[in-house]
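Asks: See target.tsv below, with TSV, C-alpha atoms.
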```
chain	number	residue	atom	x	y	z
P	279	MET	CA	38.91	-24.45	-18.66
P	280	LEU	CA	38.30	-21.68	-21.15
P	281	GLU	CA	39.90	-18.33	-20.41
P	282	LEU	CA	38.76	-14.93	-21.63
P	283	ARG	CA	42.22	-14.19	-22.99
P	284	GLN	CA	42.02	-17.32	-25.16
P	285	LEU	CA	38.70	-16.14	-26.55
P	286	HIS	CA	40.26	-12.76	-27.27
P	287	TYR	CA	43.17	-14.44	-29.06
P	288	PHE	CA	40.80	-16.62	-31.09
P	289	VAL	CA	38.60	-13.67	-32.14
P	290	THR	CA	41.64	-11.66	-33.23
P	291	ILE	CA	42.91	-14.56	-35.37
P	292	ALA	CA	39.43	-15.00	-36.83
P	293	GLN	CA	39.30	-11.33	-37.73
P	294	GLU	CA	42.80	-11.24	-39.28
P	295	LEU	CA	42.73	-14.79	-40.75
P	296	ASN	CA	46.48	-14.75	-40.30
P	297	ILE	CA	48.31	-15.78	-37.14
P	298	THR	CA	51.32	-13.54	-37.82
P	299	ARG	CA	49.18	-10.42	-38.25
P	300	ALA	CA	47.06	-11.41	-35.25
P	301	ALA	CA	50.21	-11.75	-33.11
P	302	GLU	CA	51.36	-8.30	-34.20
P	303	LYS	CA	47.96	-6.82	-33.37
P	304	LEU	CA	48.04	-8.50	-29.96
P	305	ASN	CA	51.61	-7.29	-29.42
P	306	MET	CA	52.91	-10.81	-28.77
P	307	ALA	CA	55.15	-13.34	-30.50
P	308	GLN	CA	53.65	-15.84	-32.95
P	309	PRO	CA	54.70	-19.11	-31.19
P	310	PRO	CA	52.88	-18.33	-27.89
P	311	LEU	CA	49.78	-17.33	-29.85
P	312	THR	CA	49.90	-20.55	-31.85
P	313	ARG	CA	50.31	-22.49	-28.61
P	314	GLN	CA	47.26	-20.79	-27.06
P	315	LEU	CA	45.19	-21.61	-30.15
P	316	GLN	CA	46.26	-25.26	-29.93
P	317	LEU	CA	45.31	-25.39	-26.24
P	318	LEU	CA	41.92	-23.88	-27.05
P	319	GLU	CA	41.23	-26.42	-29.78
P	320	LYS	CA	42.32	-29.22	-27.45
P	321	GLU	CA	39.97	-27.93	-24.74
P	322	LEU	CA	37.05	-27.78	-27.19
P	323	GLY	CA	37.93	-31.02	-28.95
P	324	VAL	CA	37.49	-29.50	-32.42
P	325	GLU	CA	39.56	-27.73	-35.04
P	326	LEU	CA	38.68	-24.06	-35.30
P	327	PHE	CA	40.83	-23.17	-38.31
P	328	VAL	CA	42.05	-24.77	-41.49
P	329	ARG	CA	45.71	-23.85	-42.01
P	330	SER	CA	47.11	-22.97	-45.44
P	331	MET	CA	50.16	-21.24	-46.90
P	332	LYS	CA	48.18	-17.99	-47.15
P	333	GLY	CA	46.86	-18.03	-43.61
P	334	VAL	CA	43.93	-19.64	-41.82
P	335	HIS	CA	40.21	-20.03	-42.44
P	336	LEU	CA	37.45	-20.83	-40.00
P	337	THR	CA	35.97	-24.30	-39.98
P	338	ASN	CA	32.21	-24.75	-39.55
P	339	ALA	CA	32.84	-25.33	-35.85
P	340	GLY	CA	35.05	-22.23	-35.80
P	341	GLU	CA	32.31	-20.05	-37.32
P	342	ILE	CA	29.80	-21.19	-34.69
P	343	PHE	CA	32.33	-20.75	-31.88
P	344	LEU	CA	33.19	-17.25	-33.15
P	345	LYS	CA	29.59	-16.10	-32.56
P	346	ASP	CA	29.66	-17.52	-29.04
P	347	ALA	CA	33.08	-16.05	-28.30
P	348	LEU	CA	32.01	-12.58	-29.41
P	349	HIS	CA	28.88	-12.88	-27.26
P	350	ILE	CA	30.87	-13.98	-24.20
P	351	LEU	CA	33.43	-11.19	-24.60
P	352	ARG	CA	30.66	-8.63	-25.01
P	353	LEU	CA	28.90	-9.91	-21.87
P	354	SER	CA	32.17	-9.78	-19.98
P	355	SER	CA	32.75	-6.19	-21.00
P	356	GLU	CA	29.18	-5.18	-20.14
P	357	SER	CA	29.43	-6.96	-16.78
P	358	LYS	CA	32.51	-4.94	-15.91
P	359	VAL	CA	30.65	-1.73	-16.77
P	360	ARG	CA	27.60	-2.75	-14.72
P	361	ALA	CA	29.76	-3.73	-11.76
P	362	ASN	CA	31.45	-0.34	-11.89
P	363	GLN	CA	28.12	1.46	-12.18
P	364	SER	CA	26.76	-0.55	-9.26
P	365	SER	CA	29.73	0.40	-7.11
P	366	LEU	CA	29.00	4.05	-7.94
P	367	GLY	CA	25.28	3.68	-7.18
P	368	THR	CA	24.14	4.60	-10.69
P	369	ILE	CA	22.17	1.38	-11.33
P	370	GLY	CA	20.10	-0.88	-9.11
P	371	THR	CA	16.97	-0.61	-6.97
P	372	LEU	CA	16.02	1.77	-4.16
P	373	ASP	CA	13.21	0.51	-1.90
P	374	VAL	CA	11.50	3.40	-0.11
P	375	ALA	CA	8.73	3.18	2.52
P	376	VAL	CA	6.24	6.03	2.94
P	377	PHE	CA	3.03	6.57	4.88
P	378	GLY	CA	0.12	8.98	4.97
P	379	SER	CA	0.79	12.48	3.73
P	380	VAL	CA	4.59	12.34	3.38
P	381	MET	CA	4.30	11.96	-0.42
P	382	PHE	CA	2.29	15.18	-0.77
P	383	ASP	CA	5.24	17.54	-0.56
P	384	VAL	CA	8.99	17.31	-0.19
P	385	VAL	CA	9.39	13.52	-0.39
P	386	SER	CA	7.92	13.35	-3.90
P	387	GLU	CA	10.17	16.26	-4.88
P	388	LEU	CA	13.25	14.49	-3.48
P	389	LEU	CA	12.42	11.24	-5.25
P	390	ALA	CA	11.86	13.06	-8.54
P	391	LEU	CA	15.17	14.90	-8.13
P	392	TYR	CA	16.98	11.66	-7.35
P	393	GLN	CA	15.37	9.86	-10.31
P	394	ALA	CA	16.45	12.64	-12.66
P	395	LYS	CA	20.03	12.36	-11.40
P	396	TYR	CA	20.09	8.55	-11.38
P	397	PRO	CA	17.65	7.47	-14.11
P	398	ARG	CA	18.87	3.86	-14.15
P	399	VAL	CA	18.03	3.32	-10.48
P	400	LYS	CA	14.55	1.82	-10.07
P	401	ILE	CA	12.60	3.37	-7.18
P	402	VAL	CA	10.10	1.00	-5.54
P	403	LEU	CA	7.62	2.52	-3.06
P	404	HIS	CA	6.15	0.62	-0.11
P	405	THR	CA	3.35	1.72	2.22
P	406	MET	CA	4.43	1.19	5.85
P	407	ASN	CA	3.86	3.02	9.11
P	408	LYS	CA	6.80	4.05	11.25
P	409	GLY	CA	7.00	0.80	13.24
P	410	GLU	CA	6.81	-1.28	10.08
P	411	GLN	CA	9.49	0.86	8.45
P	412	ILE	CA	11.90	0.29	11.32
P	413	GLN	CA	11.38	-3.47	11.26
P	414	ALA	CA	11.76	-3.56	7.47
P	415	LEU	CA	15.00	-1.57	7.71
P	416	LEU	CA	16.41	-3.91	10.35
P	417	LYS	CA	15.50	-6.90	8.17
P	418	LYS	CA	17.03	-5.19	5.10
P	419	GLU	CA	13.70	-5.35	3.28
P	420	ILE	CA	13.80	-1.62	2.42
P	421	HIS	CA	16.58	0.96	2.09
P	422	LEU	CA	14.84	4.12	3.34
P	423	GLY	CA	11.72	5.16	5.22
P	424	PHE	CA	10.00	8.50	5.73
P	425	SER	CA	8.06	9.22	8.91
P	426	ARG	CA	7.40	11.86	11.54
P	427	MET	CA	9.20	12.20	14.87
P	428	PRO	CA	12.76	10.87	15.32
P	429	THR	CA	13.59	7.35	16.44
P	430	ASN	CA	16.21	6.06	18.84
P	431	VAL	CA	16.31	2.44	17.66
P	432	SER	CA	19.78	0.90	17.66
P	433	GLY	CA	21.21	0.58	14.16
P	434	ILE	CA	18.75	3.07	12.62
P	435	GLY	CA	19.80	6.56	11.56
P	436	CYS	CA	17.42	9.50	11.38
P	437	GLU	CA	17.99	12.45	9.04
P	438	LEU	CA	15.76	15.51	9.36
P	439	VAL	CA	14.10	16.36	6.05
P	440	LYS	CA	12.07	19.43	7.05
P	441	TYR	CA	9.81	20.98	9.68
P	442	GLU	CA	6.12	21.61	9.04
P	443	LYS	CA	3.56	23.94	10.55
P	444	LEU	CA	0.46	22.63	12.30
P	445	TYR	CA	-2.85	23.20	10.51
P	446	ILE	CA	-6.43	22.25	11.23
P	447	ALA	CA	-8.80	20.80	8.64
P	448	VAL	CA	-12.38	21.95	9.28
P	449	ASP	CA	-15.76	21.94	7.58
P	450	LYS	CA	-16.11	25.32	5.87
P	451	HIS	CA	-19.67	25.60	7.17
P	452	SER	CA	-18.63	25.13	10.81
P	453	SER	CA	-17.95	27.94	13.29
P	454	LEU	CA	-14.19	27.48	12.82
P	455	GLY	CA	-14.49	27.25	9.05
P	456	LYS	CA	-15.63	30.86	8.82
P	457	ARG	CA	-12.37	32.13	10.36
P	458	LYS	CA	-9.03	32.89	8.78
P	459	LEU	CA	-6.98	31.94	11.81
P	460	VAL	CA	-7.60	29.56	14.70
P	461	LYS	CA	-6.23	30.09	18.19
P	462	MET	CA	-5.41	27.29	20.58
P	463	LYS	CA	-8.09	28.42	23.02
P	464	ASP	CA	-10.66	27.93	20.24
P	465	LEU	CA	-9.88	24.21	20.36
P	466	ASP	CA	-10.67	23.81	24.06
P	467	GLY	CA	-13.11	20.86	24.06
P	468	TYR	CA	-13.65	21.04	20.29
P	469	PRO	CA	-14.33	17.57	18.81
P	470	LEU	CA	-11.20	16.47	16.98
P	471	VAL	CA	-10.14	13.64	14.73
P	472	LEU	CA	-6.52	12.60	15.41
P	473	PHE	CA	-4.34	10.12	13.64
P	474	ALA	CA	-1.80	7.84	15.28
P	475	SER	CA	-0.07	4.95	13.62
P	476	GLY	CA	2.93	2.84	14.51
P	477	GLN	CA	5.03	2.82	17.62
P	478	ARG	CA	5.02	5.62	20.17
P	479	PRO	CA	5.86	8.38	20.45
P	480	ASN	CA	4.00	9.61	17.39
P	481	PHE	CA	1.98	12.57	16.13
P	482	ILE	CA	-0.82	12.15	18.64
P	483	ASP	CA	1.66	12.39	21.52
P	484	SER	CA	2.82	15.77	20.23
P	485	ILE	CA	-0.79	16.98	20.14
P	486	ILE	CA	-1.43	15.76	23.68
P	487	HIS	CA	1.63	17.63	24.93
P	488	LEU	CA	0.59	20.76	23.00
P	489	PHE	CA	-2.85	20.86	24.61
P	490	GLN	CA	-1.38	20.19	28.03
P	491	SER	CA	1.07	23.07	27.62
P	492	HIS	CA	-1.88	25.40	26.82
P	493	GLN	CA	-3.94	23.93	29.66
P	494	ILE	CA	-6.95	23.20	27.47
P	495	TYR	CA	-9.08	20.09	27.11
P	496	LEU	CA	-8.31	17.74	24.23
P	497	ASN	CA	-11.58	16.22	23.02
P	498	ILE	CA	-10.67	13.24	20.80
P	499	LYS	CA	-13.81	12.37	18.84
P	500	GLN	CA	-12.20	9.81	16.53
P	501	THR	CA	-8.76	8.20	16.16
P	502	VAL	CA	-7.74	7.10	12.67
P	503	GLU	CA	-4.66	5.53	11.15
P	504	ASP	CA	-3.42	8.38	8.95
P	505	SER	CA	-3.98	12.04	8.12
P	506	VAL	CA	-5.66	11.34	4.78
P	507	THR	CA	-8.36	9.31	6.54
P	508	GLY	CA	-8.62	12.05	9.13
P	509	VAL	CA	-9.38	14.72	6.54
P	510	SER	CA	-11.88	12.36	4.91
P	511	PHE	CA	-13.69	12.17	8.24
P	512	VAL	CA	-13.83	15.97	8.35
P	513	ALA	CA	-15.38	15.98	4.87
P	514	ALA	CA	-17.98	13.56	6.19
P	515	GLY	CA	-18.87	15.89	9.06
P	516	PHE	CA	-16.88	14.35	11.92
P	517	GLY	CA	-15.34	17.33	13.72
P	518	ALA	CA	-11.96	18.77	12.73
P	519	CYS	CA	-8.53	17.22	12.23
P	520	LEU	CA	-5.10	18.52	13.24
P	521	ILE	CA	-2.65	17.90	10.42
P	522	PRO	CA	0.85	18.69	9.13
P	523	GLU	CA	1.06	21.45	6.55
P	524	SER	CA	1.74	19.01	3.70
P	525	VAL	CA	-1.77	17.57	4.04
P	526	THR	CA	-3.21	20.89	2.85
P	527	TYR	CA	-2.38	19.71	-0.69
P	528	LEU	CA	-5.29	17.29	-0.34
P	529	LYS	CA	-8.48	18.83	-1.71
P	530	LEU	CA	-11.83	17.49	-0.52
P	531	PRO	CA	-15.33	19.03	-0.75
P	532	ASN	CA	-16.28	21.46	2.06
P	533	VAL	CA	-12.87	21.11	3.76
P	534	VAL	CA	-10.72	24.19	4.44
P	535	TYR	CA	-7.31	24.34	6.10
P	536	LEU	CA	-6.45	26.99	8.66
P	537	PRO	CA	-3.19	27.84	10.44
P	538	ILE	CA	-3.13	27.74	14.22
P	539	ALA	CA	-1.75	30.69	16.15
P	540	GLY	CA	0.53	30.06	19.09
P	541	VAL	CA	2.12	26.88	17.69
P	542	PRO	CA	5.84	26.90	16.76
P	543	HIS	CA	6.64	26.75	13.04
P	544	ASN	CA	8.82	23.71	13.65
P	545	PHE	CA	6.14	21.80	15.55
P	546	ILE	CA	6.13	18.80	13.18
P	547	ASP	CA	9.26	17.14	11.84
P	548	LEU	CA	9.63	14.84	8.84
P	549	ASN	CA	12.55	12.43	8.92
P	550	CYS	CA	14.32	9.97	6.65
P	551	LEU	CA	15.12	6.67	8.35
P	552	TYR	CA	18.01	4.50	7.17
P	553	ARG	CA	20.38	1.81	8.39
P	554	LEU	CA	23.55	3.00	10.04
P	555	LYS	CA	26.78	1.74	8.47
P	556	GLU	CA	24.93	1.36	5.17
P	557	ASP	CA	27.20	-0.09	2.47
P	558	SER	CA	24.92	0.67	-0.48
P	559	ALA	CA	26.21	3.39	-2.78
P	560	ILE	CA	22.62	3.90	-4.00
P	561	VAL	CA	21.44	4.74	-0.48
P	562	ASN	CA	24.45	6.90	0.31
P	563	ASN	CA	23.91	8.86	-2.91
P	564	PHE	CA	20.33	9.56	-1.84
P	565	LEU	CA	21.35	10.64	1.66
P	566	ASN	CA	24.03	12.95	0.24
P	567	MET	CA	21.46	14.48	-2.11
P	568	LEU	CA	19.03	14.86	0.80
P	569	GLN	CA	21.58	16.76	2.87
P	570	THR	CA	22.39	19.00	-0.08
P	571	ASN	CA	18.73	19.81	-0.82
P	572	LYS	CA	17.38	19.94	2.73
P	573	LYS	CA	14.65	22.55	3.22
```
Could you write out this file's structure as structure tokens?

Replies:
Amino acid sequence: MLELRQLHYFVTIAQELNITRAAEKLNMAQPPLTRQLQLLEKELGVELFVRSMKGVHLTNAGEIFLKDALHILRLSSESKVRANQSSLGTIGTLDVAVFGSVMFDVVSELLALYQAKYPRVKIVLHTMNKGEQIQALLKKEIHLGFSRMPTNVSGIGCELVKYEKLYIAVDKHSSLGKRKLVKMKDLDGYPLVLFASGQRPNFIDSIIHLFQSHQIYLNIKQTVEDSVTGVSFVAAGFGACLIPESVTYLKLPNVVYLPIAGVPHNFIDLNCLYRLKEDSAIVNNFLNMLQTNKK
């Protein structure tokens, strides 16, 4: 079986064309080097050098083998570098699941920051709701997920990214659209579009609790899968839609976004989901960066 050290010995002899000088360069005695060369030639079944009083010269087989030996040694060296980089999390792939409006604000900023710091890590985005993200994490199909409201699933960690204010998207020509601020009592019985996707509890549950706490009637006109669709319904004339602040980056004709008085500033949370006991340096690097840059 060929050994890397034999290839290294062979290349050094080929470069020096003298076994004595090669032995000196390798910091070893000449007889062991000669013995290693003989073993290599026996393993290959060919002569690699022609011996003479002045030194050695490569045979045709030796010249061909020299190219292969240099290639193998270079690959070995590069493999060591890549293995080290992989252990440090500086190369590889990061699979991230997102849904709805989470890419409108801080998540895109975090991914851009991470990419700038680790340019050789390939980020692959997947569209999944919260329930799908959890299942994909458990199956090790993704590394990270971003969704609203924390989860208590065994084996899944949940890191708070930021809190968002609650806004309402309304038609600018409607009675609410002419105001600068909306109060909760203004929404009593007002036709609303709400979004709810994935396993409960989710965003719609928070809205239900909010209306109950203010003792006003929640009139759900339409239920859609995500906030982007909800705002699109508003643009089409279907009531108003309660949304996280990040959705206000979405610009659609005749749609305005208004803050709602009487709702806590930390009403909506955005979280990063990940596997507990994660052994990926790539993932751990992202989580460390997230904690450092948390808003």

Asks: Would you compute, for all listed atoms of range 290-298 of chain P, the axis-aligned bounding box grown by 8 Å on each side, and then report its centre and edge lengths in Å rounded to one decimal, as lines of an AutoDock Vina configuration file?

Replies:
```
center_x = 45.3
center_y = -13.5
center_z = -37.0
size_x = 28.0
size_y = 20.5
size_z = 23.5
```

Asks: Could you state the separation of CA of Gly323 in chain P and CA of Thr290 in chain P in Å, given to one decimal place?

Replies: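 These two atoms are separated by 20.2 Å.
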
Asks: Excluding same-chain residues fewer than 6 positions from Gly370 in chain P, what lies within 8 Å of it counting all atoms listed in the file, as an MDAnalysis selection string?

Replies: chainID P and resid 364 398:400 560

Asks: What is the CA of His543 in chain P to CA of Lys443 in chain P distance in Å?

Replies: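 Computing the Euclidean distance for CA of His543 in chain P and CA of Lys443 in chain P yields 4.9 Å.
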
Asks: If you count only C-alpha atoms, which residues fall within 9 Å of Gln500 in chain P, apart from same-chain ones fewer than 3 positions away, as a list of chain:residue names?

Replies: P:Pro469, P:Leu470, P:Val471, P:Leu472, P:Phe473, P:Gly508, P:Phe511, P:Phe516, P:Gly517

Asks: Figure out the distance between CA of Glu523 in chain P and CA of Leu465 in chain P, please, to one decimal in Å.

Replies: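 Result for CA of Leu465 in chain P versus CA of Glu523 in chain P: 17.8 Å, one decimal.
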
Asks: Determine, counting all atoms listed in the file, every residue of protein, DNA or RNA that lies within 12 Å of (41.4, -17.6, -45.3) in the file coordinates, then give the result as a PyMOL selection string.

Replies: chain P and resi 291-297+327-337

Asks: Which residues come within 12 Å of Leu444 in chain P, counting only C-alpha atoms, excluding same-chain residues fewer than 4 positions away, as number ranges by chain?

Replies: P: 459-462, 481, 484-485, 488, 519-526, 535-547

Asks: Identify which of the residues P:Lys499, P:Arg299, P:Glu325, P:Val533 lies closest to Lys456 in chain P, counting all atoms listed in the file when measuring atom-to-atom distances.

Replies: P:Val533

Asks: Compare P:Lys555, P:His492, P:Lys408, P:Lys463 by their minimum atom-to-atom distance to Pro428 in chain P, counting only C-alpha atoms, and give me the closest one.

Replies: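 Closest candidate: P:Lys408.
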
Asks: Using all atoms listed in the file, give me every residue within 10 Å of (14.0, 14.6, 7.0) in file coordinates, as a tab-separated table (two decimals) with C-alpha atoms, in the coordinates of the input.

Replies:
```tsv
chain	number	residue	atom	x	y	z
P	384	VAL	CA	8.99	17.31	-0.19
P	385	VAL	CA	9.39	13.52	-0.39
P	423	GLY	CA	11.72	5.16	5.22
P	424	PHE	CA	10.00	8.50	5.73
P	425	SER	CA	8.06	9.22	8.91
P	426	ARG	CA	7.40	11.86	11.54
P	427	MET	CA	9.20	12.20	14.87
P	428	PRO	CA	12.76	10.87	15.32
P	436	CYS	CA	17.42	9.50	11.38
P	437	GLU	CA	17.99	12.45	9.04
P	438	LEU	CA	15.76	15.51	9.36
P	439	VAL	CA	14.10	16.36	6.05
P	440	LYS	CA	12.07	19.43	7.05
P	441	TYR	CA	9.81	20.98	9.68
P	547	ASP	CA	9.26	17.14	11.84
P	548	LEU	CA	9.63	14.84	8.84
P	549	ASN	CA	12.55	12.43	8.92
P	550	CYS	CA	14.32	9.97	6.65
P	551	LEU	CA	15.12	6.67	8.35
P	565	LEU	CA	21.35	10.64	1.66
P	568	LEU	CA	19.03	14.86	0.80
P	569	GLN	CA	21.58	16.76	2.87
P	572	LYS	CA	17.38	19.94	2.73
P	573	LYS	CA	14.65	22.55	3.22
```

Asks: Nearest to Lys418 in chain P among P:Asn566, P:Ser558, P:Ser355, P:Thr298, with distances taken over all atoms listed in the file: which residue is it?

Replies: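 Closest candidate: P:Ser558.
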
Asks: If we count only C-alpha atoms, what is near His421 in chain P at a cut-off of 9 Å, once residues fewer than 3 positions away on the same chain are taken out, given as a PDB file with C-alpha atoms, in the frame of the given file?

Replies:
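Listing of result-v7.pdb after writing:
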```pdb
ATOM      1  CA  LEU P 372      16.020   1.770  -4.160  1.00  0.00           C
ATOM      2  CA  ASP P 373      13.210   0.510  -1.900  1.00  0.00           C
ATOM      3  CA  VAL P 374      11.500   3.400  -0.110  1.00  0.00           C
ATOM      4  CA  ALA P 375       8.730   3.180   2.520  1.00  0.00           C
ATOM      5  CA  ALA P 414      11.760  -3.560   7.470  1.00  0.00           C
ATOM      6  CA  LEU P 415      15.000  -1.570   7.710  1.00  0.00           C
ATOM      7  CA  LYS P 418      17.030  -5.190   5.100  1.00  0.00           C
ATOM      8  CA  LEU P 551      15.120   6.670   8.350  1.00  0.00           C
ATOM      9  CA  TYR P 552      18.010   4.500   7.170  1.00  0.00           C
ATOM     10  CA  ARG P 553      20.380   1.810   8.390  1.00  0.00           C
ATOM     11  CA  GLU P 556      24.930   1.360   5.170  1.00  0.00           C
ATOM     12  CA  SER P 558      24.920   0.670  -0.480  1.00  0.00           C
ATOM     13  CA  VAL P 561      21.440   4.740  -0.480  1.00  0.00           C
TER      14      VAL P 561
END
```
